[in-house]
Amino acid sequence: MLKVLLNQTHRDGVLNKPRKFMKTLMQSFLALFLTTSLLAAEKPAPPPAPPAEIVFRELRYDAKVSEDKARFTVDITAESTGKGEAVVTLFEGELALLPPKLPDGLHFERDGNVYRLFITCAGKHQFKFDVVAKITRAEPWNQAAFKGPLAAIASVNAQASGADVDLQLLTGTVIESVQTNNLARVRGFLGAESQLSLRWQSRAAACDPPAISRTLLSASVLVSP
């Protein structure tokens with residue numbers, strides 16, 4: 001009888017081992033799952049994407065000025081980074097921006113004397129357009145000035161035609177100023193102030209004597225005796 005009970009106990013132990021192993025395995029998987037879930041819940045959220053911005057790599061002004069007009073051809077290389085629409089102030093001053101042909105995803109908006117550039121797609125963009133600046137007169141000089149964007153490289157190449165014209169770049173650094181064949185030229189680079197200011201005059205006209213107009217007045221005087 002004792003031998004039968006021992007045999008029965010041995011068989012029960014052998015049969016119960018797989019059940020205990022499966023139970024232990026399930027408990028281990030459950031603990032691992034809970035630990036992984038807790039770690040995932042505690043993991044910090046990724047930082048938000050940086051805001052979209054516009055960087056001007058190169059900016060070139062080619063100006064032609066005369067007694068009644070100051071026109072600038074502006075050639076821009078800009079790069080937009082980040083997601084979403086980027087906007088930046090392009091010009092400030094009294095000037096008119098002529099209708100440009102811009103790449104897809106770029107457009108201008110005007111608010112008073114401020115022009116803004118909008119770019120909706122990231123990447124490098126190159127575009128060109130013309131502006132006409134208002135001429136202010138401070139005898140004997142004509143002057144045109146406005147503020148553009150800050151660029152890594154901002155160059156100016158200006159010219160004025162006429163006999164004995166004096167053309168000056170008032171901002172930035174002048175690297176060349178010449179007069180040849182009734183044409184004055186000045187080249188230079190703008191600095192961190194990003195202000196473009198030119199003035200010019202015809203020295204021949206400045207040396208001419210002012211015109212004097214005389215008005216002859218006649219009067220009759222009646223004298224009573």
# chains A, B, ... in the order shown; residues from 1 in each chain; ligands from 1
>>> select_by_dssp(residues="region 126-176 of chain A", states="strand (DSSP E or B)", output="JSON, numbers by chain")
{"A": [126, 127, 128, 129, 130, 131, 132, 133, 136, 137, 138, 141, 142, 143, 144, 145, 146, 147, 151, 152, 153, 154, 155, 156, 157, 158, 159, 160, 161, 165, 166, 167, 168, 169, 173, 174, 175, 176]}
>>> write_last_selection(atoms="N, CA and C atoms", output="mmCIF file, in the first residue's frame")
data_model
loop_
_atom_site.group_PDB
_atom_site.id
_atom_site.type_symbol
_atom_site.label_atom_id
_atom_site.label_comp_id
_atom_site.auth_asym_id
_atom_site.auth_seq_id
_atom_site.Cartn_x
_atom_site.Cartn_y
_atom_site.Cartn_z
ATOM 1 N N GLN A 126 16.423 80.819 -55.174
ATOM 2 C CA GLN A 126 17.074 81.956 -55.817
ATOM 3 C C GLN A 126 16.057 82.657 -56.700
ATOM 4 N N PHE A 127 15.946 83.984 -56.548
ATOM 5 C CA PHE A 127 14.958 84.734 -57.305
ATOM 6 C C PHE A 127 15.430 86.174 -57.476
ATOM 7 N N LYS A 128 14.824 86.867 -58.463
ATOM 8 C CA LYS A 128 15.250 88.211 -58.823
ATOM 9 C C LYS A 128 14.013 89.054 -59.105
ATOM 10 N N PHE A 129 14.085 90.337 -58.768
ATOM 11 C CA PHE A 129 12.971 91.251 -59.007
ATOM 12 C C PHE A 129 13.502 92.682 -58.978
ATOM 13 N N ASP A 130 12.651 93.644 -59.351
ATOM 14 C CA ASP A 130 13.036 95.057 -59.407
ATOM 15 C C ASP A 130 12.225 95.878 -58.412
ATOM 16 N N VAL A 131 12.878 96.900 -57.854
ATOM 17 C CA VAL A 131 12.195 97.870 -57.011
ATOM 18 C C VAL A 131 12.590 99.264 -57.471
ATOM 19 N N VAL A 132 11.692 100.206 -57.259
ATOM 20 C CA VAL A 132 11.951 101.607 -57.557
ATOM 21 C C VAL A 132 11.834 102.386 -56.252
ATOM 22 N N ALA A 133 12.912 103.078 -55.878
ATOM 23 C CA ALA A 133 12.949 103.812 -54.612
ATOM 24 C C ALA A 133 12.601 105.275 -54.841
ATOM 25 N N THR A 136 14.748 111.511 -52.724
ATOM 26 C CA THR A 136 14.631 112.719 -51.912
ATOM 27 C C THR A 136 15.731 113.678 -52.348
ATOM 28 N N ARG A 137 15.422 114.974 -52.329
ATOM 29 C CA ARG A 137 16.358 115.977 -52.815
ATOM 30 C C ARG A 137 16.828 116.869 -51.671
ATOM 31 N N ALA A 138 18.134 116.935 -51.540
ATOM 32 C CA ALA A 138 18.788 117.862 -50.612
ATOM 33 C C ALA A 138 19.853 118.559 -51.434
ATOM 34 N N TRP A 141 22.086 117.438 -53.997
ATOM 35 C CA TRP A 141 22.122 115.977 -54.076
ATOM 36 C C TRP A 141 20.736 115.377 -54.303
ATOM 37 N N ASN A 142 20.723 114.259 -55.016
ATOM 38 C CA ASN A 142 19.584 113.339 -55.044
ATOM 39 C C ASN A 142 19.963 112.134 -54.191
ATOM 40 N N GLN A 143 19.010 111.593 -53.451
ATOM 41 C CA GLN A 143 19.328 110.477 -52.556
ATOM 42 C C GLN A 143 18.194 109.461 -52.551
ATOM 43 N N ALA A 144 18.568 108.177 -52.459
ATOM 44 C CA ALA A 144 17.608 107.068 -52.322
ATOM 45 C C ALA A 144 18.124 106.140 -51.234
ATOM 46 N N ALA A 145 17.229 105.745 -50.333
ATOM 47 C CA ALA A 145 17.649 104.908 -49.213
ATOM 48 C C ALA A 145 16.502 104.005 -48.783
ATOM 49 N N PHE A 146 16.831 102.787 -48.374
ATOM 50 C CA PHE A 146 15.871 101.852 -47.791
ATOM 51 C C PHE A 146 16.653 100.774 -47.050
ATOM 52 N N LYS A 147 15.945 100.011 -46.236
ATOM 53 C CA LYS A 147 16.575 98.951 -45.447
ATOM 54 C C LYS A 147 16.169 97.594 -45.998
ATOM 55 N N ALA A 151 22.134 89.803 -44.695
ATOM 56 C CA ALA A 151 22.601 88.673 -45.495
ATOM 57 C C ALA A 151 24.069 88.409 -45.212
ATOM 58 N N ALA A 152 24.485 87.169 -45.429
ATOM 59 C CA ALA A 152 25.895 86.822 -45.247
ATOM 60 C C ALA A 152 26.765 87.634 -46.189
ATOM 61 N N ILE A 153 26.296 87.824 -47.428
ATOM 62 C CA ILE A 153 26.987 88.655 -48.411
ATOM 63 C C ILE A 153 25.950 89.577 -49.034
ATOM 64 N N ALA A 154 26.181 90.889 -48.925
ATOM 65 C CA ALA A 154 25.276 91.874 -49.518
ATOM 66 C C ALA A 154 26.117 92.869 -50.308
ATOM 67 N N SER A 155 26.078 92.766 -51.625
ATOM 68 C CA SER A 155 26.906 93.610 -52.480
ATOM 69 C C SER A 155 26.055 94.640 -53.212
ATOM 70 N N VAL A 156 26.700 95.758 -53.565
ATOM 71 C CA VAL A 156 26.038 96.856 -54.272
ATOM 72 C C VAL A 156 26.871 97.216 -55.495
ATOM 73 N N ASN A 157 26.204 97.331 -56.630
ATOM 74 C CA ASN A 157 26.842 97.785 -57.868
ATOM 75 C C ASN A 157 25.917 98.835 -58.472
ATOM 76 N N ALA A 158 26.310 100.115 -58.375
ATOM 77 C CA ALA A 158 25.447 101.203 -58.813
ATOM 78 C C ALA A 158 26.118 102.006 -59.902
ATOM 79 N N GLN A 159 25.283 102.606 -60.771
ATOM 80 C CA GLN A 159 25.809 103.445 -61.833
ATOM 81 C C GLN A 159 24.853 104.600 -62.105
ATOM 82 N N ALA A 160 25.449 105.720 -62.538
ATOM 83 C CA ALA A 160 24.684 106.908 -62.912
ATOM 84 C C ALA A 160 25.306 107.482 -64.168
ATOM 85 N N SER A 161 24.468 107.770 -65.160
ATOM 86 C CA SER A 161 24.974 108.293 -66.430
ATOM 87 C C SER A 161 24.798 109.803 -66.471
ATOM 88 N N VAL A 165 29.146 113.265 -63.355
ATOM 89 C CA VAL A 165 28.245 112.889 -62.269
ATOM 90 C C VAL A 165 29.048 112.362 -61.091
ATOM 91 N N ASP A 166 28.679 112.787 -59.915
ATOM 92 C CA ASP A 166 29.296 112.303 -58.676
ATOM 93 C C ASP A 166 28.327 111.342 -58.002
ATOM 94 N N LEU A 167 28.725 110.084 -57.863
ATOM 95 C CA LEU A 167 27.879 109.038 -57.278
ATOM 96 C C LEU A 167 28.564 108.470 -56.043
ATOM 97 N N GLN A 168 27.826 108.383 -54.927
ATOM 98 C CA GLN A 168 28.418 107.954 -53.661
ATOM 99 C C GLN A 168 27.542 106.904 -52.983
ATOM 100 N N LEU A 169 28.218 105.900 -52.420
ATOM 101 C CA LEU A 169 27.571 104.915 -51.551
ATOM 102 C C LEU A 169 27.798 105.359 -50.114
ATOM 103 N N THR A 173 30.800 99.478 -47.081
ATOM 104 C CA THR A 173 32.210 99.684 -47.434
ATOM 105 C C THR A 173 32.351 99.812 -48.946
ATOM 106 N N VAL A 174 32.915 100.930 -49.386
ATOM 107 C CA VAL A 174 33.139 101.165 -50.820
ATOM 108 C C VAL A 174 34.447 100.490 -51.224
ATOM 109 N N ILE A 175 34.404 99.710 -52.293
ATOM 110 C CA ILE A 175 35.629 99.063 -52.776
ATOM 111 C C ILE A 175 36.083 99.619 -54.118
ATOM 112 N N GLU A 176 35.195 100.342 -54.815
ATOM 113 C CA GLU A 176 35.587 100.939 -56.086
ATOM 114 C C GLU A 176 34.647 102.086 -56.426
#
>>> closest_residue(among="A:Gly162, A:Ile119, A:Glu109, A:Arg185", to="Ala78 (chain A)", atoms="only C-alpha atoms")
A:Ile119
>>> atom_distance(atom1="CA of Gly82 (chain A)", atom2="CA of Lys124 (chain A)")
12.2 Å
>>> decode(residues="region 38-166 of chain A", atoms="C-alpha atoms", output="PDB file, in the first residue's frame")
ATOM      1  CA  LEU A  38       5.841  51.602 -17.494  1.00  0.00           C
ATOM      2  CA  LEU A  39       9.111  52.560 -19.191  1.00  0.00           C
ATOM      3  CA  ALA A  40       7.257  53.610 -22.339  1.00  0.00           C
ATOM      4  CA  ALA A  41       4.839  55.702 -20.290  1.00  0.00           C
ATOM      5  CA  GLU A  42       7.697  57.447 -18.475  1.00  0.00           C
ATOM      6  CA  LYS A  43       9.672  58.190 -21.705  1.00  0.00           C
ATOM      7  CA  PRO A  44       9.644  61.989 -22.324  1.00  0.00           C
ATOM      8  CA  ALA A  45       7.952  63.329 -25.430  1.00  0.00           C
ATOM      9  CA  PRO A  46      10.294  64.303 -28.283  1.00  0.00           C
ATOM     10  CA  PRO A  47      11.090  68.033 -28.495  1.00  0.00           C
ATOM     11  CA  PRO A  48       8.933  70.067 -30.887  1.00  0.00           C
ATOM     12  CA  ALA A  49      10.244  70.727 -34.370  1.00  0.00           C
ATOM     13  CA  PRO A  50      12.145  74.031 -34.689  1.00  0.00           C
ATOM     14  CA  PRO A  51      10.099  76.897 -36.151  1.00  0.00           C
ATOM     15  CA  ALA A  52      10.528  77.673 -39.823  1.00  0.00           C
ATOM     16  CA  GLU A  53      12.965  80.472 -40.589  1.00  0.00           C
ATOM     17  CA  ILE A  54      14.598  82.176 -43.567  1.00  0.00           C
ATOM     18  CA  VAL A  55      18.332  82.825 -43.895  1.00  0.00           C
ATOM     19  CA  PHE A  56      19.698  85.069 -46.658  1.00  0.00           C
ATOM     20  CA  ARG A  57      22.903  83.613 -48.067  1.00  0.00           C
ATOM     21  CA  GLU A  58      23.577  86.261 -50.706  1.00  0.00           C
ATOM     22  CA  LEU A  59      21.975  89.544 -51.707  1.00  0.00           C
ATOM     23  CA  ARG A  60      23.016  91.622 -54.716  1.00  0.00           C
ATOM     24  CA  TYR A  61      21.779  95.102 -55.614  1.00  0.00           C
ATOM     25  CA  ASP A  62      22.325  96.422 -59.158  1.00  0.00           C
ATOM     26  CA  ALA A  63      21.237 100.060 -59.221  1.00  0.00           C
ATOM     27  CA  LYS A  64      20.718 102.564 -62.030  1.00  0.00           C
ATOM     28  CA  VAL A  65      20.003 106.124 -60.920  1.00  0.00           C
ATOM     29  CA  SER A  66      19.252 109.353 -62.742  1.00  0.00           C
ATOM     30  CA  GLU A  67      17.724 112.736 -62.012  1.00  0.00           C
ATOM     31  CA  ASP A  68      14.215 111.291 -61.886  1.00  0.00           C
ATOM     32  CA  LYS A  69      14.553 107.561 -61.166  1.00  0.00           C
ATOM     33  CA  ALA A  70      16.330 105.144 -58.818  1.00  0.00           C
ATOM     34  CA  ARG A  71      15.782 101.547 -59.902  1.00  0.00           C
ATOM     35  CA  PHE A  72      17.309  98.493 -58.234  1.00  0.00           C
ATOM     36  CA  THR A  73      17.475  94.928 -59.530  1.00  0.00           C
ATOM     37  CA  VAL A  74      17.641  92.656 -56.488  1.00  0.00           C
ATOM     38  CA  ASP A  75      19.095  89.139 -56.790  1.00  0.00           C
ATOM     39  CA  ILE A  76      18.543  86.968 -53.705  1.00  0.00           C
ATOM     40  CA  THR A  77      19.725  83.538 -52.614  1.00  0.00           C
ATOM     41  CA  ALA A  78      17.807  82.439 -49.509  1.00  0.00           C
ATOM     42  CA  GLU A  79      17.305  79.212 -47.579  1.00  0.00           C
ATOM     43  CA  SER A  80      14.215  78.200 -45.640  1.00  0.00           C
ATOM     44  CA  THR A  81      14.505  75.644 -42.825  1.00  0.00           C
ATOM     45  CA  GLY A  82      12.019  73.971 -40.505  1.00  0.00           C
ATOM     46  CA  LYS A  83       8.426  72.946 -41.087  1.00  0.00           C
ATOM     47  CA  GLY A  84       5.542  75.191 -42.010  1.00  0.00           C
ATOM     48  CA  GLU A  85       5.448  78.668 -43.486  1.00  0.00           C
ATOM     49  CA  ALA A  86       8.362  81.019 -42.815  1.00  0.00           C
ATOM     50  CA  VAL A  87       8.079  84.803 -42.953  1.00  0.00           C
ATOM     51  CA  VAL A  88      10.655  87.588 -42.733  1.00  0.00           C
ATOM     52  CA  THR A  89      10.741  91.349 -43.300  1.00  0.00           C
ATOM     53  CA  LEU A  90      12.328  91.978 -46.698  1.00  0.00           C
ATOM     54  CA  PHE A  91      12.335  95.774 -47.140  1.00  0.00           C
ATOM     55  CA  GLU A  92      11.494  98.861 -45.141  1.00  0.00           C
ATOM     56  CA  GLY A  93      11.277 102.247 -46.813  1.00  0.00           C
ATOM     57  CA  GLU A  94       9.564 104.324 -49.469  1.00  0.00           C
ATOM     58  CA  LEU A  95       9.819 102.115 -52.517  1.00  0.00           C
ATOM     59  CA  ALA A  96       7.631 100.252 -54.979  1.00  0.00           C
ATOM     60  CA  LEU A  97       8.185  96.581 -55.721  1.00  0.00           C
ATOM     61  CA  LEU A  98       7.485  95.777 -59.350  1.00  0.00           C
ATOM     62  CA  PRO A  99       5.427  92.604 -60.020  1.00  0.00           C
ATOM     63  CA  PRO A 100       7.932  89.742 -59.842  1.00  0.00           C
ATOM     64  CA  LYS A 101       7.992  86.207 -61.220  1.00  0.00           C
ATOM     65  CA  LEU A 102       8.694  84.139 -58.116  1.00  0.00           C
ATOM     66  CA  PRO A 103       9.260  80.385 -57.699  1.00  0.00           C
ATOM     67  CA  ASP A 104       6.390  78.267 -56.395  1.00  0.00           C
ATOM     68  CA  GLY A 105       5.866  78.590 -52.660  1.00  0.00           C
ATOM     69  CA  LEU A 106       7.125  82.202 -52.445  1.00  0.00           C
ATOM     70  CA  HIS A 107       5.124  85.427 -52.283  1.00  0.00           C
ATOM     71  CA  PHE A 108       5.372  89.015 -51.030  1.00  0.00           C
ATOM     72  CA  GLU A 109       2.989  91.010 -48.872  1.00  0.00           C
ATOM     73  CA  ARG A 110       3.024  94.749 -48.273  1.00  0.00           C
ATOM     74  CA  ASP A 111       1.992  96.607 -45.122  1.00  0.00           C
ATOM     75  CA  GLY A 112       2.571 100.341 -45.526  1.00  0.00           C
ATOM     76  CA  ASN A 113       6.296 100.838 -46.127  1.00  0.00           C
ATOM     77  CA  VAL A 114       7.143  97.255 -45.115  1.00  0.00           C
ATOM     78  CA  TYR A 115       7.443  94.320 -47.520  1.00  0.00           C
ATOM     79  CA  ARG A 116       7.504  90.763 -46.153  1.00  0.00           C
ATOM     80  CA  LEU A 117       8.614  87.534 -47.798  1.00  0.00           C
ATOM     81  CA  PHE A 118       6.680  84.291 -47.238  1.00  0.00           C
ATOM     82  CA  ILE A 119       8.127  80.853 -48.058  1.00  0.00           C
ATOM     83  CA  THR A 120       6.013  77.729 -47.633  1.00  0.00           C
ATOM     84  CA  CYS A 121       8.507  75.052 -48.716  1.00  0.00           C
ATOM     85  CA  ALA A 122      11.880  74.343 -47.127  1.00  0.00           C
ATOM     86  CA  GLY A 123      15.023  74.452 -49.211  1.00  0.00           C
ATOM     87  CA  LYS A 124      17.281  76.831 -51.130  1.00  0.00           C
ATOM     88  CA  HIS A 125      15.646  79.477 -53.313  1.00  0.00           C
ATOM     89  CA  GLN A 126      17.074  81.956 -55.817  1.00  0.00           C
ATOM     90  CA  PHE A 127      14.958  84.734 -57.305  1.00  0.00           C
ATOM     91  CA  LYS A 128      15.250  88.211 -58.823  1.00  0.00           C
ATOM     92  CA  PHE A 129      12.971  91.251 -59.007  1.00  0.00           C
ATOM     93  CA  ASP A 130      13.036  95.057 -59.407  1.00  0.00           C
ATOM     94  CA  VAL A 131      12.195  97.870 -57.011  1.00  0.00           C
ATOM     95  CA  VAL A 132      11.951 101.607 -57.557  1.00  0.00           C
ATOM     96  CA  ALA A 133      12.949 103.812 -54.612  1.00  0.00           C
ATOM     97  CA  LYS A 134      11.699 107.292 -53.894  1.00  0.00           C
ATOM     98  CA  ILE A 135      14.223 110.053 -54.564  1.00  0.00           C
ATOM     99  CA  THR A 136      14.631 112.719 -51.912  1.00  0.00           C
ATOM    100  CA  ARG A 137      16.358 115.977 -52.815  1.00  0.00           C
ATOM    101  CA  ALA A 138      18.788 117.862 -50.612  1.00  0.00           C
ATOM    102  CA  GLU A 139      20.321 120.340 -53.029  1.00  0.00           C
ATOM    103  CA  PRO A 140      22.485 119.696 -54.866  1.00  0.00           C
ATOM    104  CA  TRP A 141      22.122 115.977 -54.076  1.00  0.00           C
ATOM    105  CA  ASN A 142      19.584 113.339 -55.044  1.00  0.00           C
ATOM    106  CA  GLN A 143      19.328 110.477 -52.556  1.00  0.00           C
ATOM    107  CA  ALA A 144      17.608 107.068 -52.322  1.00  0.00           C
ATOM    108  CA  ALA A 145      17.649 104.908 -49.213  1.00  0.00           C
ATOM    109  CA  PHE A 146      15.871 101.852 -47.791  1.00  0.00           C
ATOM    110  CA  LYS A 147      16.575  98.951 -45.447  1.00  0.00           C
ATOM    111  CA  GLY A 148      16.922  95.389 -46.698  1.00  0.00           C
ATOM    112  CA  PRO A 149      17.409  92.015 -44.985  1.00  0.00           C
ATOM    113  CA  LEU A 150      20.595  90.996 -43.233  1.00  0.00           C
ATOM    114  CA  ALA A 151      22.601  88.673 -45.495  1.00  0.00           C
ATOM    115  CA  ALA A 152      25.895  86.822 -45.247  1.00  0.00           C
ATOM    116  CA  ILE A 153      26.987  88.655 -48.411  1.00  0.00           C
ATOM    117  CA  ALA A 154      25.276  91.874 -49.518  1.00  0.00           C
ATOM    118  CA  SER A 155      26.906  93.610 -52.480  1.00  0.00           C
ATOM    119  CA  VAL A 156      26.038  96.856 -54.272  1.00  0.00           C
ATOM    120  CA  ASN A 157      26.842  97.785 -57.868  1.00  0.00           C
ATOM    121  CA  ALA A 158      25.447 101.203 -58.813  1.00  0.00           C
ATOM    122  CA  GLN A 159      25.809 103.445 -61.833  1.00  0.00           C
ATOM    123  CA  ALA A 160      24.684 106.908 -62.912  1.00  0.00           C
ATOM    124  CA  SER A 161      24.974 108.293 -66.430  1.00  0.00           C
ATOM    125  CA  GLY A 162      25.624 111.895 -67.329  1.00  0.00           C
ATOM    126  CA  ALA A 163      28.372 114.444 -67.736  1.00  0.00           C
ATOM    127  CA  ASP A 164      30.578 114.763 -64.650  1.00  0.00           C
ATOM    128  CA  VAL A 165      28.245 112.889 -62.269  1.00  0.00           C
ATOM    129  CA  ASP A 166      29.296 112.303 -58.676  1.00  0.00           C
TER     130      ASP A 166
END
